[in-house]
Structure formats: C-alpha cells, structure tokens
file protein23.pdb (PDB, N, CA, C and O atoms)
MODEL        1
ATOM      1  N   MET O 828     114.337 179.889 285.537
ATOM      2  CA  MET O 828     114.937 179.083 286.589
ATOM      3  C   MET O 828     115.610 179.997 287.610
ATOM      4  O   MET O 828     116.465 180.805 287.272
ATOM      5  N   GLU O 829     115.229 179.861 288.853
ATOM      6  CA  GLU O 829     115.785 180.692 289.916
ATOM      7  C   GLU O 829     117.087 180.079 290.427
ATOM      8  O   GLU O 829     117.166 178.892 290.691
ATOM      9  N   ARG O 830     118.107 180.911 290.535
ATOM     10  CA  ARG O 830     119.391 180.435 291.059
ATOM     11  C   ARG O 830     119.437 180.671 292.546
ATOM     12  O   ARG O 830     119.101 181.747 293.022
ATOM     13  N   LYS O 831     119.866 179.673 293.272
ATOM     14  CA  LYS O 831     119.943 179.752 294.729
ATOM     15  C   LYS O 831     121.331 180.212 295.143
ATOM     16  O   LYS O 831     122.331 179.618 294.763
ATOM     17  N   THR O 832     121.386 181.292 295.890
ATOM     18  CA  THR O 832     122.631 181.786 296.463
ATOM     19  C   THR O 832     122.606 181.470 297.950
ATOM     20  O   THR O 832     121.604 181.673 298.618
ATOM     21  N   MET O 833     123.720 180.944 298.442
ATOM     22  CA  MET O 833     123.795 180.504 299.829
ATOM     23  C   MET O 833     124.881 181.256 300.585
ATOM     24  O   MET O 833     125.913 181.595 300.024
ATOM     25  N   THR O 834     124.630 181.464 301.874
ATOM     26  CA  THR O 834     125.619 182.080 302.762
ATOM     27  C   THR O 834     126.575 180.991 303.260
ATOM     28  O   THR O 834     126.361 179.795 303.016
ATOM     29  N   VAL O 835     127.592 181.400 303.977
ATOM     30  CA  VAL O 835     128.536 180.438 304.557
ATOM     31  C   VAL O 835     127.806 179.484 305.499
ATOM     32  O   VAL O 835     128.017 178.269 305.454
ATOM     33  N   LYS O 836     126.925 180.021 306.313
ATOM     34  CA  LYS O 836     126.175 179.187 307.260
ATOM     35  C   LYS O 836     125.298 178.170 306.526
ATOM     36  O   LYS O 836     125.262 176.987 306.890
ATOM     37  N   GLU O 837     124.617 178.622 305.489
ATOM     38  CA  GLU O 837     123.773 177.712 304.707
ATOM     39  C   GLU O 837     124.612 176.655 303.998
ATOM     40  O   GLU O 837     124.226 175.479 303.925
ATOM     41  N   MET O 838     125.782 177.060 303.479
ATOM     42  CA  MET O 838     126.653 176.111 302.789
ATOM     43  C   MET O 838     127.207 175.074 303.750
ATOM     44  O   MET O 838     127.301 173.894 303.413
ATOM     45  N   ALA O 839     127.564 175.488 304.963
ATOM     46  CA  ALA O 839     128.058 174.538 305.967
ATOM     47  C   ALA O 839     126.981 173.494 306.258
ATOM     48  O   ALA O 839     127.270 172.293 306.322
ATOM     49  N   SER O 840     125.762 173.928 306.411
ATOM     50  CA  SER O 840     124.652 173.014 306.657
ATOM     51  C   SER O 840     124.430 172.105 305.446
ATOM     52  O   SER O 840     124.228 170.903 305.591
ATOM     53  N   TYR O 841     124.471 172.673 304.263
ATOM     54  CA  TYR O 841     124.261 171.928 303.015
ATOM     55  C   TYR O 841     125.312 170.829 302.849
ATOM     56  O   TYR O 841     124.989 169.718 302.443
ATOM     57  N   LEU O 842     126.566 171.153 303.175
ATOM     58  CA  LEU O 842     127.658 170.184 303.031
ATOM     59  C   LEU O 842     127.814 169.273 304.247
ATOM     60  O   LEU O 842     128.518 168.270 304.184
ATOM     61  N   GLY O 843     127.202 169.662 305.350
ATOM     62  CA  GLY O 843     127.314 168.871 306.574
ATOM     63  C   GLY O 843     128.669 169.006 307.241
ATOM     64  O   GLY O 843     129.189 168.037 307.790
ATOM     65  N   VAL O 844     129.226 170.213 307.158
ATOM     66  CA  VAL O 844     130.526 170.471 307.778
ATOM     67  C   VAL O 844     130.413 171.694 308.686
ATOM     68  O   VAL O 844     129.418 172.409 308.667
ATOM     69  N   HIS O 845     131.451 171.928 309.466
ATOM     70  CA  HIS O 845     131.478 173.061 310.389
ATOM     71  C   HIS O 845     131.651 174.365 309.612
ATOM     72  O   HIS O 845     132.270 174.400 308.545
ATOM     73  N   LEU O 846     131.122 175.415 310.151
ATOM     74  CA  LEU O 846     131.231 176.752 309.570
ATOM     75  C   LEU O 846     132.690 177.127 309.292
ATOM     76  O   LEU O 846     133.007 177.649 308.222
ATOM     77  N   ASP O 847     133.574 176.836 310.231
ATOM     78  CA  ASP O 847     134.998 177.144 310.058
ATOM     79  C   ASP O 847     135.593 176.426 308.854
ATOM     80  O   ASP O 847     136.472 176.957 308.180
ATOM     81  N   THR O 848     135.123 175.217 308.576
ATOM     82  CA  THR O 848     135.614 174.450 307.429
ATOM     83  C   THR O 848     135.284 175.164 306.130
ATOM     84  O   THR O 848     136.126 175.267 305.234
ATOM     85  N   VAL O 849     134.079 175.701 306.029
ATOM     86  CA  VAL O 849     133.679 176.428 304.817
ATOM     87  C   VAL O 849     134.518 177.691 304.663
ATOM     88  O   VAL O 849     134.994 178.000 303.563
ATOM     89  N   TYR O 850     134.740 178.419 305.754
ATOM     90  CA  TYR O 850     135.591 179.616 305.687
ATOM     91  C   TYR O 850     137.002 179.257 305.215
ATOM     92  O   TYR O 850     137.572 179.935 304.361
ATOM     93  N   LYS O 851     137.565 178.183 305.755
ATOM     94  CA  LYS O 851     138.919 177.761 305.366
ATOM     95  C   LYS O 851     138.964 177.357 303.898
ATOM     96  O   LYS O 851     139.900 177.696 303.176
ATOM     97  N   MET O 852     137.955 176.619 303.444
ATOM     98  CA  MET O 852     137.907 176.188 302.045
ATOM     99  C   MET O 852     137.778 177.383 301.102
ATOM    100  O   MET O 852     138.416 177.413 300.050
ATOM    101  N   ALA O 853     136.975 178.355 301.478
ATOM    102  CA  ALA O 853     136.817 179.554 300.649
ATOM    103  C   ALA O 853     138.113 180.360 300.624
ATOM    104  O   ALA O 853     138.547 180.823 299.559
ATOM    105  N   ARG O 854     138.727 180.504 301.773
ATOM    106  CA  ARG O 854     139.972 181.285 301.886
ATOM    107  C   ARG O 854     141.079 180.684 301.015
ATOM    108  O   ARG O 854     141.869 181.394 300.409
ATOM    109  N   SER O 855     141.131 179.353 300.944
ATOM    110  CA  SER O 855     142.170 178.693 300.154
ATOM    111  C   SER O 855     141.683 178.323 298.745
ATOM    112  O   SER O 855     142.353 177.563 298.039
ATOM    113  N   ASN O 856     140.544 178.866 298.349
ATOM    114  CA  ASN O 856     139.960 178.629 297.021
ATOM    115  C   ASN O 856     139.734 177.150 296.707
ATOM    116  O   ASN O 856     139.859 176.731 295.562
ATOM    117  N   GLU O 857     139.400 176.368 297.711
ATOM    118  CA  GLU O 857     139.094 174.955 297.512
ATOM    119  C   GLU O 857     137.653 174.747 297.052
ATOM    120  O   GLU O 857     137.337 173.689 296.516
ATOM    121  N   ILE O 858     136.803 175.721 297.294
ATOM    122  CA  ILE O 858     135.389 175.616 296.942
ATOM    123  C   ILE O 858     135.001 176.867 296.152
ATOM    124  O   ILE O 858     135.437 177.970 296.498
ATOM    125  N   PRO O 859     134.216 176.708 295.085
ATOM    126  CA  PRO O 859     133.833 177.882 294.301
ATOM    127  C   PRO O 859     132.926 178.821 295.095
ATOM    128  O   PRO O 859     131.962 178.383 295.720
ATOM    129  N   HIS O 860     133.270 180.083 295.077
ATOM    130  CA  HIS O 860     132.508 181.093 295.814
ATOM    131  C   HIS O 860     132.719 182.454 295.158
ATOM    132  O   HIS O 860     133.538 182.592 294.257
ATOM    133  N   PHE O 861     131.964 183.431 295.611
ATOM    134  CA  PHE O 861     132.177 184.805 295.173
ATOM    135  C   PHE O 861     131.933 185.716 296.362
ATOM    136  O   PHE O 861     131.372 185.309 297.364
ATOM    137  N   ARG O 862     132.415 186.916 296.244
ATOM    138  CA  ARG O 862     132.276 187.887 297.336
ATOM    139  C   ARG O 862     131.409 189.050 296.890
ATOM    140  O   ARG O 862     131.507 189.508 295.761
ATOM    141  N   LEU O 863     130.599 189.493 297.807
ATOM    142  CA  LEU O 863     129.830 190.712 297.637
ATOM    143  C   LEU O 863     130.278 191.612 298.787
ATOM    144  O   LEU O 863     129.863 191.425 299.931
ATOM    145  N   ARG O 864     131.215 192.490 298.461
ATOM    146  CA  ARG O 864     131.943 193.264 299.471
ATOM    147  C   ARG O 864     132.648 192.287 300.413
ATOM    148  O   ARG O 864     133.458 191.509 299.976
ATOM    149  N   SER O 865     132.326 192.267 301.685
ATOM    150  CA  SER O 865     133.023 191.368 302.608
ATOM    151  C   SER O 865     132.278 190.046 302.807
ATOM    152  O   SER O 865     132.754 189.161 303.503
ATOM    153  N   LYS O 866     131.121 189.902 302.177
ATOM    154  CA  LYS O 866     130.299 188.708 302.365
ATOM    155  C   LYS O 866     130.686 187.611 301.366
ATOM    156  O   LYS O 866     130.821 187.875 300.167
ATOM    157  N   ILE O 867     130.878 186.396 301.859
ATOM    158  CA  ILE O 867     131.185 185.244 301.013
ATOM    159  C   ILE O 867     129.874 184.558 300.675
ATOM    160  O   ILE O 867     129.086 184.228 301.567
ATOM    161  N   LEU O 868     129.645 184.328 299.377
ATOM    162  CA  LEU O 868     128.422 183.681 298.921
ATOM    163  C   LEU O 868     128.747 182.533 297.974
ATOM    164  O   LEU O 868     129.825 182.478 297.383
ATOM    165  N   PHE O 869     127.793 181.623 297.835
ATOM    166  CA  PHE O 869     127.962 180.440 297.005
ATOM    167  C   PHE O 869     126.752 180.271 296.103
ATOM    168  O   PHE O 869     125.626 180.485 296.538
ATOM    169  N   SER O 870     126.981 179.855 294.885
ATOM    170  CA  SER O 870     125.900 179.482 293.986
ATOM    171  C   SER O 870     125.686 177.981 294.167
ATOM    172  O   SER O 870     126.616 177.190 293.966
ATOM    173  N   GLN O 871     124.482 177.589 294.549
ATOM    174  CA  GLN O 871     124.217 176.168 294.776
ATOM    175  C   GLN O 871     124.466 175.363 293.504
ATOM    176  O   GLN O 871     125.024 174.270 293.554
ATOM    177  N   GLU O 872     124.092 175.913 292.362
ATOM    178  CA  GLU O 872     124.282 175.223 291.086
ATOM    179  C   GLU O 872     125.769 174.965 290.822
ATOM    180  O   GLU O 872     126.165 173.858 290.436
ATOM    181  N   VAL O 873     126.596 175.967 291.043
ATOM    182  CA  VAL O 873     128.043 175.838 290.818
ATOM    183  C   VAL O 873     128.640 174.852 291.817
ATOM    184  O   VAL O 873     129.465 174.006 291.452
ATOM    185  N   VAL O 874     128.222 174.921 293.066
ATOM    186  CA  VAL O 874     128.744 174.004 294.085
ATOM    187  C   VAL O 874     128.304 172.572 293.794
ATOM    188  O   VAL O 874     129.098 171.634 293.942
ATOM    189  N   ASP O 875     127.071 172.379 293.339
ATOM    190  CA  ASP O 875     126.621 171.029 292.986
ATOM    191  C   ASP O 875     127.467 170.440 291.858
ATOM    192  O   ASP O 875     127.843 169.269 291.898
ATOM    193  N   THR O 876     127.801 171.257 290.867
ATOM    194  CA  THR O 876     128.676 170.816 289.776
ATOM    195  C   THR O 876     130.061 170.482 290.312
ATOM    196  O   THR O 876     130.663 169.469 289.943
ATOM    197  N   TRP O 877     130.566 171.321 291.207
ATOM    198  CA  TRP O 877     131.879 171.094 291.823
ATOM    199  C   TRP O 877     131.883 169.779 292.608
ATOM    200  O   TRP O 877     132.839 169.004 292.529
ATOM    201  N   ILE O 878     130.805 169.495 293.329
ATOM    202  CA  ILE O 878     130.695 168.253 294.100
ATOM    203  C   ILE O 878     130.737 167.050 293.143
ATOM    204  O   ILE O 878     131.426 166.064 293.418
ATOM    205  N   GLU O 879     130.020 167.139 292.033
ATOM    206  CA  GLU O 879     130.036 166.055 291.044
ATOM    207  C   GLU O 879     131.438 165.817 290.524
ATOM    208  O   GLU O 879     131.872 164.661 290.392
ATOM    209  N   GLU O 880     132.148 166.892 290.198
ATOM    210  CA  GLU O 880     133.520 166.772 289.711
ATOM    211  C   GLU O 880     134.430 166.141 290.759
ATOM    212  O   GLU O 880     135.285 165.319 290.430
ATOM    213  N   GLN O 881     134.250 166.530 292.028
ATOM    214  CA  GLN O 881     135.062 165.976 293.097
ATOM    215  C   GLN O 881     134.805 164.481 293.264
ATOM    216  O   GLN O 881     135.727 163.707 293.496
ATOM    217  N   SER O 882     133.553 164.067 293.124
ATOM    218  CA  SER O 882     133.222 162.647 293.307
ATOM    219  C   SER O 882     133.766 161.807 292.147
ATOM    220  O   SER O 882     134.102 160.644 292.332
ATOM    221  N   LYS O 883     133.887 162.402 290.960
ATOM    222  CA  LYS O 883     134.453 161.668 289.814
ATOM    223  C   LYS O 883     135.953 161.463 289.980
ATOM    224  O   LYS O 883     136.506 160.488 289.504
ATOM    225  N   ARG O 884     136.618 162.401 290.664
ATOM    226  CA  ARG O 884     138.063 162.297 290.890
ATOM    227  C   ARG O 884     138.412 161.231 291.922
ATOM    228  O   ARG O 884     139.510 160.712 291.937
ATOM    229  N   SER O 885     137.476 160.942 292.817
ATOM    230  CA  SER O 885     137.755 159.995 293.904
ATOM    231  C   SER O 885     137.665 158.567 293.436
ATOM    232  O   SER O 885     136.961 158.174 292.599
TER     233      SER O 885
ENDMDL
END
call {"tool": "encode", "arguments": {"input": "protein23.pdb", "output": "structure tokens"}}
result
Amino acid sequence: MERKTMTVKEMASYLGVHLDTVYKMARSNEIPHFRLRSKILFSQEVVDTWIEEQSKRS
C-alpha cells in the first residue's frame, strides 16, 4: 500500500481551505504534520483519520 504525502498546497486544496489556513493550523499543531527540514508535509492517511476524529467530536 502506497502512502500519499502531501505538501501544504496540496493539503489546502484537499481540505478546501486557503494556504494560509493550513500554515496556521500546522504552526499551532491543530493538524497532524511532519517536517522535512523546513518543508511541512502531511500524510493523507493520518489526516483522513484526524478528520474522522474531528467529525465524531462535533
């Protein structure tokens, strides 16, 4: 199974939010992410799980 890694731009498109929103969420640790040097990256699988958890809380 191939794991999909997404950039900030791809994640903004995936979530349907502005690029700045993703940067702010990552900076405040509101969304799961990891860094590769100065680059912020996201695992689609981890973010999908996070989205499910968020929807259960609402």
call {"tool": "residues_around", "arguments": {"input": "protein23.pdb", "residues": "Lys851 (chain O)", "least_positions_apart": "5", "cutoff": "12 Å", "atoms": "only C-alpha atoms", "output": "list in words"}}
result
Val835, Ala839, Val844, His845, Leu846, Asn856, Glu857, Ile858, His860 and Ile867 of chain O
call {"tool": "write_last_selection", "arguments": {"input": "protein23.pdb", "atoms": "N, CA, C and O atoms", "output": "mmCIF file, keeping the file's coordinate frame"}}
result
data_model
loop_
_atom_site.group_PDB
_atom_site.id
_atom_site.type_symbol
_atom_site.label_atom_id
_atom_site.label_comp_id
_atom_site.auth_asym_id
_atom_site.auth_seq_id
_atom_site.Cartn_x
_atom_site.Cartn_y
_atom_site.Cartn_z
ATOM 1 N N VAL O 835 127.592 181.400 303.977
ATOM 2 C CA VAL O 835 128.536 180.438 304.557
ATOM 3 C C VAL O 835 127.806 179.484 305.499
ATOM 4 O O VAL O 835 128.017 178.269 305.454
ATOM 5 N N ALA O 839 127.564 175.488 304.963
ATOM 6 C CA ALA O 839 128.058 174.538 305.967
ATOM 7 C C ALA O 839 126.981 173.494 306.258
ATOM 8 O O ALA O 839 127.270 172.293 306.322
ATOM 9 N N VAL O 844 129.226 170.213 307.158
ATOM 10 C CA VAL O 844 130.526 170.471 307.778
ATOM 11 C C VAL O 844 130.413 171.694 308.686
ATOM 12 O O VAL O 844 129.418 172.409 308.667
ATOM 13 N N HIS O 845 131.451 171.928 309.466
ATOM 14 C CA HIS O 845 131.478 173.061 310.389
ATOM 15 C C HIS O 845 131.651 174.365 309.612
ATOM 16 O O HIS O 845 132.270 174.400 308.545
ATOM 17 N N LEU O 846 131.122 175.415 310.151
ATOM 18 C CA LEU O 846 131.231 176.752 309.570
ATOM 19 C C LEU O 846 132.690 177.127 309.292
ATOM 20 O O LEU O 846 133.007 177.649 308.222
ATOM 21 N N ASN O 856 140.544 178.866 298.349
ATOM 22 C CA ASN O 856 139.960 178.629 297.021
ATOM 23 C C ASN O 856 139.734 177.150 296.707
ATOM 24 O O ASN O 856 139.859 176.731 295.562
ATOM 25 N N GLU O 857 139.400 176.368 297.711
ATOM 26 C CA GLU O 857 139.094 174.955 297.512
ATOM 27 C C GLU O 857 137.653 174.747 297.052
ATOM 28 O O GLU O 857 137.337 173.689 296.516
ATOM 29 N N ILE O 858 136.803 175.721 297.294
ATOM 30 C CA ILE O 858 135.389 175.616 296.942
ATOM 31 C C ILE O 858 135.001 176.867 296.152
ATOM 32 O O ILE O 858 135.437 177.970 296.498
ATOM 33 N N HIS O 860 133.270 180.083 295.077
ATOM 34 C CA HIS O 860 132.508 181.093 295.814
ATOM 35 C C HIS O 860 132.719 182.454 295.158
ATOM 36 O O HIS O 860 133.538 182.592 294.257
ATOM 37 N N ILE O 867 130.878 186.396 301.859
ATOM 38 C CA ILE O 867 131.185 185.244 301.013
ATOM 39 C C ILE O 867 129.874 184.558 300.675
ATOM 40 O O ILE O 867 129.086 184.228 301.567
#
call {"tool": "residues_near_point", "arguments": {"input": "protein23.pdb", "point": "(129.7, 181.2, 290.0)", "cutoff": "12 Å", "atoms": "only C-alpha atoms", "output": "PyMOL selection string"}}
result
chain O and resi 830-833+858-862+867-877
call {"tool": "select_by_dssp", "arguments": {"input": "protein23.pdb", "residues": "chain O", "states": "strand (DSSP E)", "output": "PyMOL selection string"}}
result
chain O and resi 832-834+861-863+866-870
call {"tool": "select_by_dssp", "arguments": {"input": "protein23.pdb", "residues": "chain O", "states": "alpha helix (DSSP H)", "output": "JSON, numbers by chain"}}
result
{"O": [835, 836, 837, 838, 839, 840, 841, 842, 846, 847, 848, 849, 850, 851, 852, 853, 854, 871, 872, 873, 874, 875, 876, 877, 878, 879, 880, 881, 882, 883, 884]}
call {"tool": "atom_distance", "arguments": {"input": "protein23.pdb", "atom1": "atom C of Tyr850 (chain O)", "atom2": "atom N of Ser865 (chain O)"}}
result
14.3 Å
call {"tool": "atom_distance", "arguments": {"input": "protein23.pdb", "atom1": "atom O of Leu863 (chain O)", "atom2": "atom O of Glu880 (chain O)"}}
result
28.3 Å
call {"tool": "atom_distance", "arguments": {"input": "protein23.pdb", "atom1": "CA of Val849 (chain O)", "atom2": "atom C of Thr834 (chain O)"}}
result
8.6 Å
call {"tool": "decode", "arguments": {"input": "protein23.pdb", "residues": "region 836-870 of chain O", "atoms": "N, CA and C atoms", "output": "PDB file, in the first residue's frame"}}
result
ATOM      1  N   LYS O 836       0.313  23.099  -0.104  1.00  0.00           N
ATOM      2  CA  LYS O 836      -0.584  23.491  -1.198  1.00  0.00           C
ATOM      3  C   LYS O 836      -1.587  22.380  -1.517  1.00  0.00           C
ATOM      4  N   GLU O 837      -1.104  21.153  -1.577  1.00  0.00           N
ATOM      5  CA  GLU O 837      -1.997  20.021  -1.847  1.00  0.00           C
ATOM      6  C   GLU O 837      -2.998  19.827  -0.715  1.00  0.00           C
ATOM      7  N   MET O 838      -2.540  20.006   0.535  1.00  0.00           N
ATOM      8  CA  MET O 838      -3.434  19.848   1.679  1.00  0.00           C
ATOM      9  C   MET O 838      -4.500  20.929   1.698  1.00  0.00           C
ATOM     10  N   ALA O 839      -4.135  22.160   1.351  1.00  0.00           N
ATOM     11  CA  ALA O 839      -5.118  23.248   1.293  1.00  0.00           C
ATOM     12  C   ALA O 839      -6.202  22.905   0.272  1.00  0.00           C
ATOM     13  N   SER O 840      -5.806  22.410  -0.867  1.00  0.00           N
ATOM     14  CA  SER O 840      -6.757  22.016  -1.900  1.00  0.00           C
ATOM     15  C   SER O 840      -7.615  20.844  -1.416  1.00  0.00           C
ATOM     16  N   TYR O 841      -6.990  19.872  -0.791  1.00  0.00           N
ATOM     17  CA  TYR O 841      -7.682  18.678  -0.285  1.00  0.00           C
ATOM     18  C   TYR O 841      -8.745  19.056   0.746  1.00  0.00           C
ATOM     19  N   LEU O 842      -8.405  19.999   1.631  1.00  0.00           N
ATOM     20  CA  LEU O 842      -9.339  20.419   2.680  1.00  0.00           C
ATOM     21  C   LEU O 842     -10.301  21.513   2.221  1.00  0.00           C
ATOM     22  N   GLY O 843      -9.981  22.144   1.108  1.00  0.00           N
ATOM     23  CA  GLY O 843     -10.825  23.224   0.602  1.00  0.00           C
ATOM     24  C   GLY O 843     -10.687  24.505   1.403  1.00  0.00           C
ATOM     25  N   VAL O 844      -9.464  24.757   1.866  1.00  0.00           N
ATOM     26  CA  VAL O 844      -9.203  25.972   2.638  1.00  0.00           C
ATOM     27  C   VAL O 844      -8.027  26.719   2.013  1.00  0.00           C
ATOM     28  N   HIS O 845      -7.804  27.933   2.481  1.00  0.00           N
ATOM     29  CA  HIS O 845      -6.715  28.763   1.971  1.00  0.00           C
ATOM     30  C   HIS O 845      -5.372  28.227   2.464  1.00  0.00           C
ATOM     31  N   LEU O 846      -4.362  28.438   1.684  1.00  0.00           N
ATOM     32  CA  LEU O 846      -2.997  28.036   2.019  1.00  0.00           C
ATOM     33  C   LEU O 846      -2.574  28.572   3.389  1.00  0.00           C
ATOM     34  N   ASP O 847      -2.886  29.825   3.667  1.00  0.00           N
ATOM     35  CA  ASP O 847      -2.534  30.431   4.957  1.00  0.00           C
ATOM     36  C   ASP O 847      -3.181  29.696   6.124  1.00  0.00           C
ATOM     37  N   THR O 848      -4.387  29.181   5.924  1.00  0.00           N
ATOM     38  CA  THR O 848      -5.087  28.439   6.976  1.00  0.00           C
ATOM     39  C   THR O 848      -4.321  27.179   7.338  1.00  0.00           C
ATOM     40  N   VAL O 849      -3.810  26.477   6.339  1.00  0.00           N
ATOM     41  CA  VAL O 849      -3.038  25.256   6.597  1.00  0.00           C
ATOM     42  C   VAL O 849      -1.748  25.597   7.334  1.00  0.00           C
ATOM     43  N   TYR O 850      -1.067  26.662   6.922  1.00  0.00           N
ATOM     44  CA  TYR O 850       0.152  27.082   7.627  1.00  0.00           C
ATOM     45  C   TYR O 850      -0.149  27.407   9.092  1.00  0.00           C
ATOM     46  N   LYS O 851      -1.232  28.133   9.340  1.00  0.00           N
ATOM     47  CA  LYS O 851      -1.602  28.497  10.716  1.00  0.00           C
ATOM     48  C   LYS O 851      -1.935  27.259  11.537  1.00  0.00           C
ATOM     49  N   MET O 852      -2.676  26.325  10.948  1.00  0.00           N
ATOM     50  CA  MET O 852      -3.042  25.096  11.656  1.00  0.00           C
ATOM     51  C   MET O 852      -1.809  24.257  11.983  1.00  0.00           C
ATOM     52  N   ALA O 853      -0.875  24.184  11.058  1.00  0.00           N
ATOM     53  CA  ALA O 853       0.357  23.427  11.301  1.00  0.00           C
ATOM     54  C   ALA O 853       1.195  24.105  12.381  1.00  0.00           C
ATOM     55  N   ARG O 854       1.300  25.409  12.299  1.00  0.00           N
ATOM     56  CA  ARG O 854       2.106  26.176  13.266  1.00  0.00           C
ATOM     57  C   ARG O 854       1.574  25.996  14.690  1.00  0.00           C
ATOM     58  N   SER O 855       0.250  25.927  14.833  1.00  0.00           N
ATOM     59  CA  SER O 855      -0.347  25.779  16.160  1.00  0.00           C
ATOM     60  C   SER O 855      -0.662  24.314  16.496  1.00  0.00           C
ATOM     61  N   ASN O 856      -0.130  23.396  15.707  1.00  0.00           N
ATOM     62  CA  ASN O 856      -0.319  21.953  15.911  1.00  0.00           C
ATOM     63  C   ASN O 856      -1.787  21.527  15.950  1.00  0.00           C
ATOM     64  N   GLU O 857      -2.622  22.187  15.178  1.00  0.00           N
ATOM     65  CA  GLU O 857      -4.032  21.820  15.086  1.00  0.00           C
ATOM     66  C   GLU O 857      -4.254  20.670  14.107  1.00  0.00           C
ATOM     67  N   ILE O 858      -3.314  20.458  13.211  1.00  0.00           N
ATOM     68  CA  ILE O 858      -3.437  19.416  12.195  1.00  0.00           C
ATOM     69  C   ILE O 858      -2.161  18.574  12.218  1.00  0.00           C
ATOM     70  N   PRO O 859      -2.290  17.250  12.113  1.00  0.00           N
ATOM     71  CA  PRO O 859      -1.090  16.413  12.141  1.00  0.00           C
ATOM     72  C   PRO O 859      -0.212  16.641  10.911  1.00  0.00           C
ATOM     73  N   HIS O 860       1.058  16.840  11.156  1.00  0.00           N
ATOM     74  CA  HIS O 860       2.013  17.096  10.077  1.00  0.00           C
ATOM     75  C   HIS O 860       3.408  16.684  10.537  1.00  0.00           C
ATOM     76  N   PHE O 861       4.343  16.702   9.612  1.00  0.00           N
ATOM     77  CA  PHE O 861       5.741  16.477   9.960  1.00  0.00           C
ATOM     78  C   PHE O 861       6.589  17.388   9.090  1.00  0.00           C
ATOM     79  N   ARG O 862       7.805  17.571   9.508  1.00  0.00           N
ATOM     80  CA  ARG O 862       8.720  18.455   8.776  1.00  0.00           C
ATOM     81  C   ARG O 862       9.881  17.654   8.216  1.00  0.00           C
ATOM     82  N   LEU O 863      10.261  18.023   7.028  1.00  0.00           N
ATOM     83  CA  LEU O 863      11.467  17.510   6.405  1.00  0.00           C
ATOM     84  C   LEU O 863      12.322  18.748   6.148  1.00  0.00           C
ATOM     85  N   ARG O 864      13.238  18.984   7.075  1.00  0.00           N
ATOM     86  CA  ARG O 864      13.982  20.245   7.134  1.00  0.00           C
ATOM     87  C   ARG O 864      12.980  21.390   7.289  1.00  0.00           C
ATOM     88  N   SER O 865      12.892  22.305   6.353  1.00  0.00           N
ATOM     89  CA  SER O 865      11.968  23.432   6.506  1.00  0.00           C
ATOM     90  C   SER O 865      10.620  23.177   5.828  1.00  0.00           C
ATOM     91  N   LYS O 866      10.477  22.032   5.177  1.00  0.00           N
ATOM     92  CA  LYS O 866       9.256  21.730   4.433  1.00  0.00           C
ATOM     93  C   LYS O 866       8.216  21.052   5.333  1.00  0.00           C
ATOM     94  N   ILE O 867       6.985  21.539   5.295  1.00  0.00           N
ATOM     95  CA  ILE O 867       5.882  20.948   6.050  1.00  0.00           C
ATOM     96  C   ILE O 867       5.180  19.956   5.141  1.00  0.00           C
ATOM     97  N   LEU O 868       5.005  18.725   5.632  1.00  0.00           N
ATOM     98  CA  LEU O 868       4.350  17.679   4.857  1.00  0.00           C
ATOM     99  C   LEU O 868       3.256  17.011   5.680  1.00  0.00           C
ATOM    100  N   PHE O 869       2.331  16.370   4.981  1.00  0.00           N
ATOM    101  CA  PHE O 869       1.192  15.719   5.612  1.00  0.00           C
ATOM    102  C   PHE O 869       1.035  14.313   5.058  1.00  0.00           C
ATOM    103  N   SER O 870       0.683  13.384   5.906  1.00  0.00           N
ATOM    104  CA  SER O 870       0.325  12.043   5.470  1.00  0.00           C
ATOM    105  C   SER O 870      -1.188  12.046   5.263  1.00  0.00           C
TER     106      SER O 870
END
